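A quick write-up on the structure given underneath.
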Amino acid sequence: MIRSRLGAALLILVSTAGASCSGASLKLPSREGPPAAWSLSVPTGENTTAIAGRVAVIANDRAVLGVDPGSGRELWRVPSGEDDEVDVAGDLIVHRRKAAADDTVRFSVIDPANGRTLWQDGPVTKAQVTRDAVLTIACGEGVNCKITRKDLRTGKVRWRLGSEDVRLANTAVGVRPPAVPETGRIFASRRGDDRPLPQASGGSGWYSVVVGRTLISTDHDPPSGDEDCTVTVSATEAGADHRKWTRKVYAGRDAGGECEKRLAPSSTGLDLIGDGRRIAASTDTGRPQVFDLASGRTVWRGEAPGVPIDGDGHTLLVREHADTGALSLLDFATGRVLWKAPDPGLPGTSASWETAVTQRRVAVSGAEDDHPFVLVYDASTGRRLGRFPGWLQGLGEDWVAIGHDAKTTTLTYDFIRV
């Protein structure tokens with residue numbers, strides 16, 4: 001399963017709780033904050049929590065559960081496997097199953113209100129889900145591939161094109177799986193409809209994103225001899241064969257001075273922190289910055305050193321170093337420091353390290369004598385709302401999910417209103 005964010009409604013994260021734990025008892029740090037509204041026993045390992053419509057969806061390697069968020073009562077369940085993935089698209093979810101034998105994908109579109117399957121498809125080579133569509137790629141022998149756009153709710157085919165006629169972006173700025181982007185943030189479309197423009201040449205790199213009718217690619221491998229942690233950002237107009245511009249931003253460094261390369265820690269589930277057209281990065285002098293992908297210009301540079309580690313397009317969470325140090329929450333639009341918090345005591349290299357940012361809440365992992373806990377802050381004031389022993393399972397605008405008491409195969413899952 002995967003980490004994710006759901007628009008303005010909530011932020012969804014996966015915890016690696018219990019990934020390295022045995023059945024031995026764990027002496028937990030002290031607890032602060034409100035009691036759990038309800039608890040469940042769930043499999044040890046990765047658990048993803050989301051709110052889809054009026055249902056809490058908890059996905060793990062054994063099942064996808066629909067749960068009443070008020071009482072914790074199980075409403076429905078669908079069997080799941082280790083390589084399965086769940087996408088949350090507004091009030092629908094998509095359950096993708098990977099076939100190990102031939103590396104193809106089958107998927108079901110599910111109404112979370114009742115767990116009913118609306119339609120299903122596959123096998124296909126790849127299924128990419130957006131807010132209102134599923135884009136499937138099906139390949140014959142060799143490279144003879146077709147891309148099909150199907151309506152998310154009905155499965156109706158909108159168009160089918162050869163892979164040489166459309167370029168799909170491989171990510172979207174600020175979208176954390178299992179939340180999905182709008183369709184227009186996956187390909188640049190013709191004016192007046194959603195049929196994609198022909199792909200432009202070039203654009204190779206780590207990530208490709210769409211901003212309006214511009215195709216952006218990022219290359220995080222610095223040129224030979226470059227010691228500045230350079231990330232090259234290039235823009236090409238959709239359907240054109242020449243680049244509009246090429247600029248440089250920079251990745252952060254850890255406390256030892258090593259380049260991170262990624263602009264967002266893998267623990268967030270994000271490829272790029274931002275708001276759709278603007279991304280967070282570092283400067284060559286180690287300060288945070290926000291860079292506009294539409295104009296190719298820096299919007300602001302931070303006044304103090306620090307590395308962006310998370311954000312939701314409204315605020316930006318910065319740490320002194322990429323892996324250690326004190327925290328600051330900055331206004332994403334201006335770079336103004338909203339509040340600061342001390343080092344939570346857990347390095348970013350730890351398997352227990354997680355962060356989450358929503359408009360109303362911020363959560364970070366910490367540790368006391370190697371025992372993990374989760375700190376929850378009010379996003380507007382920085383006031384600490386809770387300190388919960390265990391691993392972060394999810395964060396919303398007024399709730400947090402915590403996993404604790406890991407056994408050999410299960411852990412206790414608490415849903416807490418904060």
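The chains in the structure tokens are called A, B, ... from first to last as shown; in each chain the residues are counted from 1, and the ligands are counted from 1 in the order shown.
Neighbours of range 150-160 of chain A closer than or equal to 6 Å, with only C-alpha atoms counted and sequence neighbours fewer than 3 positions away skipped, come out as Asp132, Ala133, Val134 and Ile147 of chain A.
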Enumerate as a CSV table (one decimal) with C-alpha atoms, in the first residue's frame all residues of range 37-137 of chain A assigned to strand (DSSP E or B) by DSSP on the backbone, naming them with the chain letters and numbers the document uses.
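So the final result, stored in selection21.csv, reads:
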chain,number,residue,atom,x,y,z
A,38,TRP,CA,-12.4,3.8,18.6
A,39,SER,CA,-9.9,1.0,18.0
A,40,LEU,CA,-9.4,-1.9,15.7
A,41,SER,CA,-6.9,-4.8,15.4
A,42,VAL,CA,-5.2,-4.6,12.0
A,43,PRO,CA,-2.3,-6.4,10.3
A,47,ASN,CA,-1.9,0.4,6.7
A,48,THR,CA,-3.4,3.3,4.7
A,49,THR,CA,-6.3,5.4,6.1
A,50,ALA,CA,-8.6,7.6,4.0
A,51,ILE,CA,-12.0,9.2,4.3
A,52,ALA,CA,-14.0,8.7,1.1
A,55,VAL,CA,-16.7,6.2,5.1
A,56,ALA,CA,-13.2,5.6,6.6
A,57,VAL,CA,-11.3,3.3,4.2
A,58,ILE,CA,-8.4,1.3,5.8
A,59,ALA,CA,-6.3,-0.6,3.3
A,63,ALA,CA,-8.1,-6.4,3.0
A,64,VAL,CA,-9.7,-3.0,2.2
A,65,LEU,CA,-12.1,-2.1,4.9
A,66,GLY,CA,-15.0,0.3,4.9
A,67,VAL,CA,-15.5,1.6,8.4
A,74,GLU,CA,-17.0,-2.4,9.9
A,75,LEU,CA,-19.4,-1.8,7.0
A,76,TRP,CA,-17.7,-3.9,4.3
A,77,ARG,CA,-14.4,-5.5,3.3
A,78,VAL,CA,-12.7,-6.6,0.1
A,79,PRO,CA,-9.8,-9.1,0.1
A,85,GLU,CA,-2.8,-0.6,-4.4
A,86,VAL,CA,-5.8,1.6,-3.6
A,87,ASP,CA,-6.6,5.0,-5.2
A,88,VAL,CA,-9.1,7.4,-3.6
A,89,ALA,CA,-10.8,9.7,-6.2
A,92,LEU,CA,-14.9,6.5,-5.2
A,93,ILE,CA,-12.0,4.2,-4.7
A,94,VAL,CA,-10.1,2.1,-7.2
A,95,HIS,CA,-8.6,-1.2,-6.1
A,96,ARG,CA,-5.7,-2.3,-8.4
A,97,ARG,CA,-4.4,-5.8,-8.3
A,98,LYS,CA,-1.0,-6.7,-9.9
A,99,ALA,CA,-0.7,-10.2,-11.5
A,104,THR,CA,-0.3,-6.9,-15.7
A,105,VAL,CA,-3.0,-5.1,-13.7
A,106,ARG,CA,-6.6,-5.7,-13.0
A,107,PHE,CA,-8.7,-3.1,-11.2
A,108,SER,CA,-12.2,-2.5,-9.7
A,109,VAL,CA,-14.0,0.8,-9.1
A,110,ILE,CA,-15.8,0.6,-5.8
A,111,ASP,CA,-18.5,2.7,-4.2
A,116,ARG,CA,-20.2,-2.4,-4.2
A,117,THR,CA,-18.1,-2.8,-7.4
A,118,LEU,CA,-19.3,-0.4,-10.1
A,119,TRP,CA,-17.2,-1.9,-12.8
A,120,GLN,CA,-13.9,-3.6,-13.4
A,121,ASP,CA,-11.3,-4.1,-16.1
A,122,GLY,CA,-8.1,-5.8,-17.1
A,123,PRO,CA,-5.7,-7.2,-17.6
A,124,VAL,CA,-3.9,-4.1,-18.8
A,126,LYS,CA,-0.9,-0.1,-16.6
A,127,ALA,CA,-3.8,1.8,-15.0
A,128,GLN,CA,-3.5,5.4,-14.1
A,129,VAL,CA,-6.3,6.9,-12.0
A,133,ALA,CA,-11.1,8.9,-15.3
A,134,VAL,CA,-9.0,5.7,-15.5
A,135,LEU,CA,-6.3,5.8,-18.2
A,136,THR,CA,-5.3,2.3,-19.2
A,137,ILE,CA,-2.2,1.3,-21.3
Find the nearest atom pair between each residue of range 266-299 of chain A and range 178-191 of chain A for residues within 10 Å, count only C-alpha atoms, give distances in Å to one decimal, sort rows by chain and ascending number, and present the table as JSON lines.
{"residue": "A:Gly269", "atom": "CA", "partner": "A:Pro178", "partner_atom": "CA", "distance": 9.0}
{"residue": "A:Gly276", "atom": "CA", "partner": "A:Arg185", "partner_atom": "CA", "distance": 8.1}
{"residue": "A:Arg277", "atom": "CA", "partner": "A:Arg185", "partner_atom": "CA", "distance": 9.7}
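Every protein, DNA or RNA residue with an atom at most 7 Å from range 220-225 of chain A, where only C-alpha atoms count and chain neighbours fewer than 6 positions away do not, is listed here: A:Trp206, A:Val231, A:Thr232, A:Lys261, A:Arg262.
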Could you write out that same residue set with N, CA, C and O atoms as a PDB file, in the first residue's frame?
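Written out: part.pdb:
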ATOM      1  N   TRP A 206      13.683  12.396 -14.107  1.00  0.00           N
ATOM      2  CA  TRP A 206      13.108  11.632 -13.005  1.00  0.00           C
ATOM      3  C   TRP A 206      11.596  11.705 -13.015  1.00  0.00           C
ATOM      4  O   TRP A 206      10.914  10.705 -12.956  1.00  0.00           O
ATOM      5  N   VAL A 231      19.272  20.119  -9.306  1.00  0.00           N
ATOM      6  CA  VAL A 231      18.139  19.477  -9.972  1.00  0.00           C
ATOM      7  C   VAL A 231      17.778  20.357 -11.170  1.00  0.00           C
ATOM      8  O   VAL A 231      17.465  21.537 -11.005  1.00  0.00           O
ATOM      9  N   THR A 232      17.841  19.785 -12.369  1.00  0.00           N
ATOM     10  CA  THR A 232      17.545  20.547 -13.581  1.00  0.00           C
ATOM     11  C   THR A 232      16.064  20.435 -13.921  1.00  0.00           C
ATOM     12  O   THR A 232      15.516  19.333 -13.984  1.00  0.00           O
ATOM     13  N   LYS A 261      19.079  14.364  -3.209  1.00  0.00           N
ATOM     14  CA  LYS A 261      18.591  14.209  -4.586  1.00  0.00           C
ATOM     15  C   LYS A 261      17.082  14.430  -4.695  1.00  0.00           C
ATOM     16  O   LYS A 261      16.625  15.245  -5.485  1.00  0.00           O
ATOM     17  N   ARG A 262      16.287  13.684  -3.931  1.00  0.00           N
ATOM     18  CA  ARG A 262      14.835  13.885  -3.972  1.00  0.00           C
ATOM     19  C   ARG A 262      14.473  15.233  -3.371  1.00  0.00           C
ATOM     20  O   ARG A 262      15.111  15.699  -2.432  1.00  0.00           O
TER      21      ARG A 262
END
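Minimum atom-to-atom distances from A:Ser80, A:Thr236, A:Gln359, A:Thr324 to Asp378 in chain A were compared using only C-alpha atoms, and the lowest value belongs to A:Gln359.
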For CA of Asp228 in chain A and CA of Asp241 in chain A, the interatomic separation in Å (one decimal): 29.4 Å
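Taking CA of Ser208 in chain A as the reference point, CA of Leu168 in chain A is found at 8.3 Å.
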Spatial neighbours of Asp271 in chain A, 12 Å, only C-alpha atoms, chain gap at least 5 places, as a ChimeraX atom specification: /A:3-4,170-177,206-209,218,220,261-266,276,279-281,309-311
File dump, residues just selected, N, CA and C atoms, as a PDB file, in the first residue's frame:
ATOM      1  N   ARG A   3       1.419   5.791   0.518  1.00  0.00           N
ATOM      2  CA  ARG A   3       1.115   6.995   1.273  1.00  0.00           C
ATOM      3  C   ARG A   3       0.304   7.939   0.414  1.00  0.00           C
ATOM      4  N   SER A   4      -0.502   8.800   1.066  1.00  0.00           N
ATOM      5  CA  SER A   4      -1.336   9.646   0.249  1.00  0.00           C
ATOM      6  C   SER A   4      -1.890  10.867   0.922  1.00  0.00           C
ATOM      7  N   ASN A 170       4.164  11.267 -15.293  1.00  0.00           N
ATOM      8  CA  ASN A 170       4.272  10.164 -14.337  1.00  0.00           C
ATOM      9  C   ASN A 170       3.999  10.579 -12.903  1.00  0.00           C
ATOM     10  N   THR A 171       3.723  11.869 -12.664  1.00  0.00           N
ATOM     11  CA  THR A 171       3.366  12.320 -11.335  1.00  0.00           C
ATOM     12  C   THR A 171       2.625  13.648 -11.447  1.00  0.00           C
ATOM     13  N   ALA A 172       2.176  14.173 -10.322  1.00  0.00           N
ATOM     14  CA  ALA A 172       1.541  15.490 -10.256  1.00  0.00           C
ATOM     15  C   ALA A 172       2.009  16.166  -8.983  1.00  0.00           C
ATOM     16  N   VAL A 173       2.254  17.451  -9.051  1.00  0.00           N
ATOM     17  CA  VAL A 173       2.794  18.185  -7.909  1.00  0.00           C
ATOM     18  C   VAL A 173       1.798  18.190  -6.756  1.00  0.00           C
ATOM     19  N   GLY A 174       2.269  17.826  -5.571  1.00  0.00           N
ATOM     20  CA  GLY A 174       1.454  17.930  -4.371  1.00  0.00           C
ATOM     21  C   GLY A 174       0.394  16.871  -4.209  1.00  0.00           C
ATOM     22  N   VAL A 175       0.393  15.839  -5.032  1.00  0.00           N
ATOM     23  CA  VAL A 175      -0.608  14.772  -4.934  1.00  0.00           C
ATOM     24  C   VAL A 175       0.049  13.549  -4.317  1.00  0.00           C
ATOM     25  N   ARG A 176      -0.481  13.133  -3.173  1.00  0.00           N
ATOM     26  CA  ARG A 176       0.104  12.052  -2.406  1.00  0.00           C
ATOM     27  C   ARG A 176      -0.798  10.829  -2.495  1.00  0.00           C
ATOM     28  N   PRO A 177      -0.359   9.755  -3.167  1.00  0.00           N
ATOM     29  CA  PRO A 177      -1.194   8.558  -3.261  1.00  0.00           C
ATOM     30  C   PRO A 177      -1.611   8.065  -1.884  1.00  0.00           C
ATOM     31  N   TRP A 206      13.683  12.396 -14.107  1.00  0.00           N
ATOM     32  CA  TRP A 206      13.108  11.632 -13.005  1.00  0.00           C
ATOM     33  C   TRP A 206      11.596  11.705 -13.015  1.00  0.00           C
ATOM     34  N   TYR A 207      11.070  12.942 -13.055  1.00  0.00           N
ATOM     35  CA  TYR A 207       9.627  13.150 -12.973  1.00  0.00           C
ATOM     36  C   TYR A 207       9.162  14.021 -14.133  1.00  0.00           C
ATOM     37  N   SER A 208       7.950  13.763 -14.582  1.00  0.00           N
ATOM     38  CA  SER A 208       7.306  14.618 -15.575  1.00  0.00           C
ATOM     39  C   SER A 208       5.952  15.040 -15.032  1.00  0.00           C
ATOM     40  N   VAL A 209       5.641  16.340 -15.166  1.00  0.00           N
ATOM     41  CA  VAL A 209       4.373  16.883 -14.699  1.00  0.00           C
ATOM     42  C   VAL A 209       3.806  17.798 -15.764  1.00  0.00           C
ATOM     43  N   THR A 218      11.930  16.951 -14.573  1.00  0.00           N
ATOM     44  CA  THR A 218      12.967  17.230 -13.579  1.00  0.00           C
ATOM     45  C   THR A 218      14.021  16.127 -13.635  1.00  0.00           C
ATOM     46  N   HIS A 220      17.236  14.832 -11.456  1.00  0.00           N
ATOM     47  CA  HIS A 220      17.850  14.993 -10.143  1.00  0.00           C
ATOM     48  C   HIS A 220      19.287  14.467 -10.083  1.00  0.00           C
ATOM     49  N   LYS A 261      19.079  14.364  -3.209  1.00  0.00           N
ATOM     50  CA  LYS A 261      18.591  14.209  -4.586  1.00  0.00           C
ATOM     51  C   LYS A 261      17.082  14.430  -4.695  1.00  0.00           C
ATOM     52  N   ARG A 262      16.287  13.684  -3.931  1.00  0.00           N
ATOM     53  CA  ARG A 262      14.835  13.885  -3.972  1.00  0.00           C
ATOM     54  C   ARG A 262      14.473  15.233  -3.371  1.00  0.00           C
ATOM     55  N   LEU A 263      13.427  15.864  -3.924  1.00  0.00           N
ATOM     56  CA  LEU A 263      12.922  17.127  -3.379  1.00  0.00           C
ATOM     57  C   LEU A 263      11.855  16.893  -2.316  1.00  0.00           C
ATOM     58  N   ALA A 264      11.404  15.655  -2.170  1.00  0.00           N
ATOM     59  CA  ALA A 264      10.446  15.287  -1.124  1.00  0.00           C
ATOM     60  C   ALA A 264      10.868  13.945  -0.564  1.00  0.00           C
ATOM     61  N   PRO A 265      10.952  13.788   0.749  1.00  0.00           N
ATOM     62  CA  PRO A 265      11.324  12.490   1.322  1.00  0.00           C
ATOM     63  C   PRO A 265      10.363  11.399   0.881  1.00  0.00           C
ATOM     64  N   SER A 266      10.891  10.214   0.642  1.00  0.00           N
ATOM     65  CA  SER A 266      10.039   9.112   0.203  1.00  0.00           C
ATOM     66  C   SER A 266       8.982   8.764   1.245  1.00  0.00           C
ATOM     67  N   GLY A 276       0.498  22.283  -7.231  1.00  0.00           N
ATOM     68  CA  GLY A 276       0.052  22.061  -8.596  1.00  0.00           C
ATOM     69  C   GLY A 276       0.979  22.690  -9.603  1.00  0.00           C
ATOM     70  N   ILE A 279       6.582  24.316  -6.778  1.00  0.00           N
ATOM     71  CA  ILE A 279       7.214  23.234  -6.034  1.00  0.00           C
ATOM     72  C   ILE A 279       8.164  23.801  -4.987  1.00  0.00           C
ATOM     73  N   ALA A 280       8.368  23.034  -3.932  1.00  0.00           N
ATOM     74  CA  ALA A 280       9.342  23.380  -2.905  1.00  0.00           C
ATOM     75  C   ALA A 280      10.671  22.718  -3.241  1.00  0.00           C
ATOM     76  N   ALA A 281      11.756  23.441  -3.013  1.00  0.00           N
ATOM     77  CA  ALA A 281      13.102  22.935  -3.256  1.00  0.00           C
ATOM     78  C   ALA A 281      14.038  23.670  -2.310  1.00  0.00           C
ATOM     79  N   ILE A 309      10.575  19.278   3.934  1.00  0.00           N
ATOM     80  CA  ILE A 309      10.361  17.840   4.132  1.00  0.00           C
ATOM     81  C   ILE A 309       8.905  17.424   3.952  1.00  0.00           C
ATOM     82  N   ASP A 310       7.975  18.379   3.898  1.00  0.00           N
ATOM     83  CA  ASP A 310       6.567  18.030   3.687  1.00  0.00           C
ATOM     84  C   ASP A 310       5.794  19.323   3.451  1.00  0.00           C
ATOM     85  N   GLY A 311       4.538  19.209   3.025  1.00  0.00           N
ATOM     86  CA  GLY A 311       3.696  20.374   2.807  1.00  0.00           C
ATOM     87  C   GLY A 311       2.439  19.996   2.067  1.00  0.00           C
TER      88      GLY A 311
END
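Shortest atom-to-atom contact with Ser350 in chain A among A:Thr298, A:Thr381, A:Thr409, A:Ser267: A:Ser267, counting only C-alpha atoms.
Between CA of Leu327 in chain A and CA of Leu293 in chain A lies a distance of 26.2 Å.
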Using only C-alpha atoms, find each residue in range 334-355 of chain A having at least one atom no more than 10 Å away from range 382-390 of chain A; report its shortest atom-to-atom pair and that distance in Å (one decimal), rows by chain then rising number, as a Markdown table.
| residue | atom | partner | partner_atom | distance |
| --- | --- | --- | --- | --- |
| A:Leu338 | CA | A:Gly382 | CA | 7.8 |
| A:Trp339 | CA | A:Gly382 | CA | 5.7 |
| A:Lys340 | CA | A:Gly382 | CA | 7.2 |
| A:Ala341 | CA | A:Gly382 | CA | 7.7 |
| A:Ser352 | CA | A:Gly390 | CA | 8.8 |
Shell around Ala379 in chain A at 6 Å using only C-alpha atoms, local window under 5 positions removed, as a ChimeraX atom specification: /A:360-362
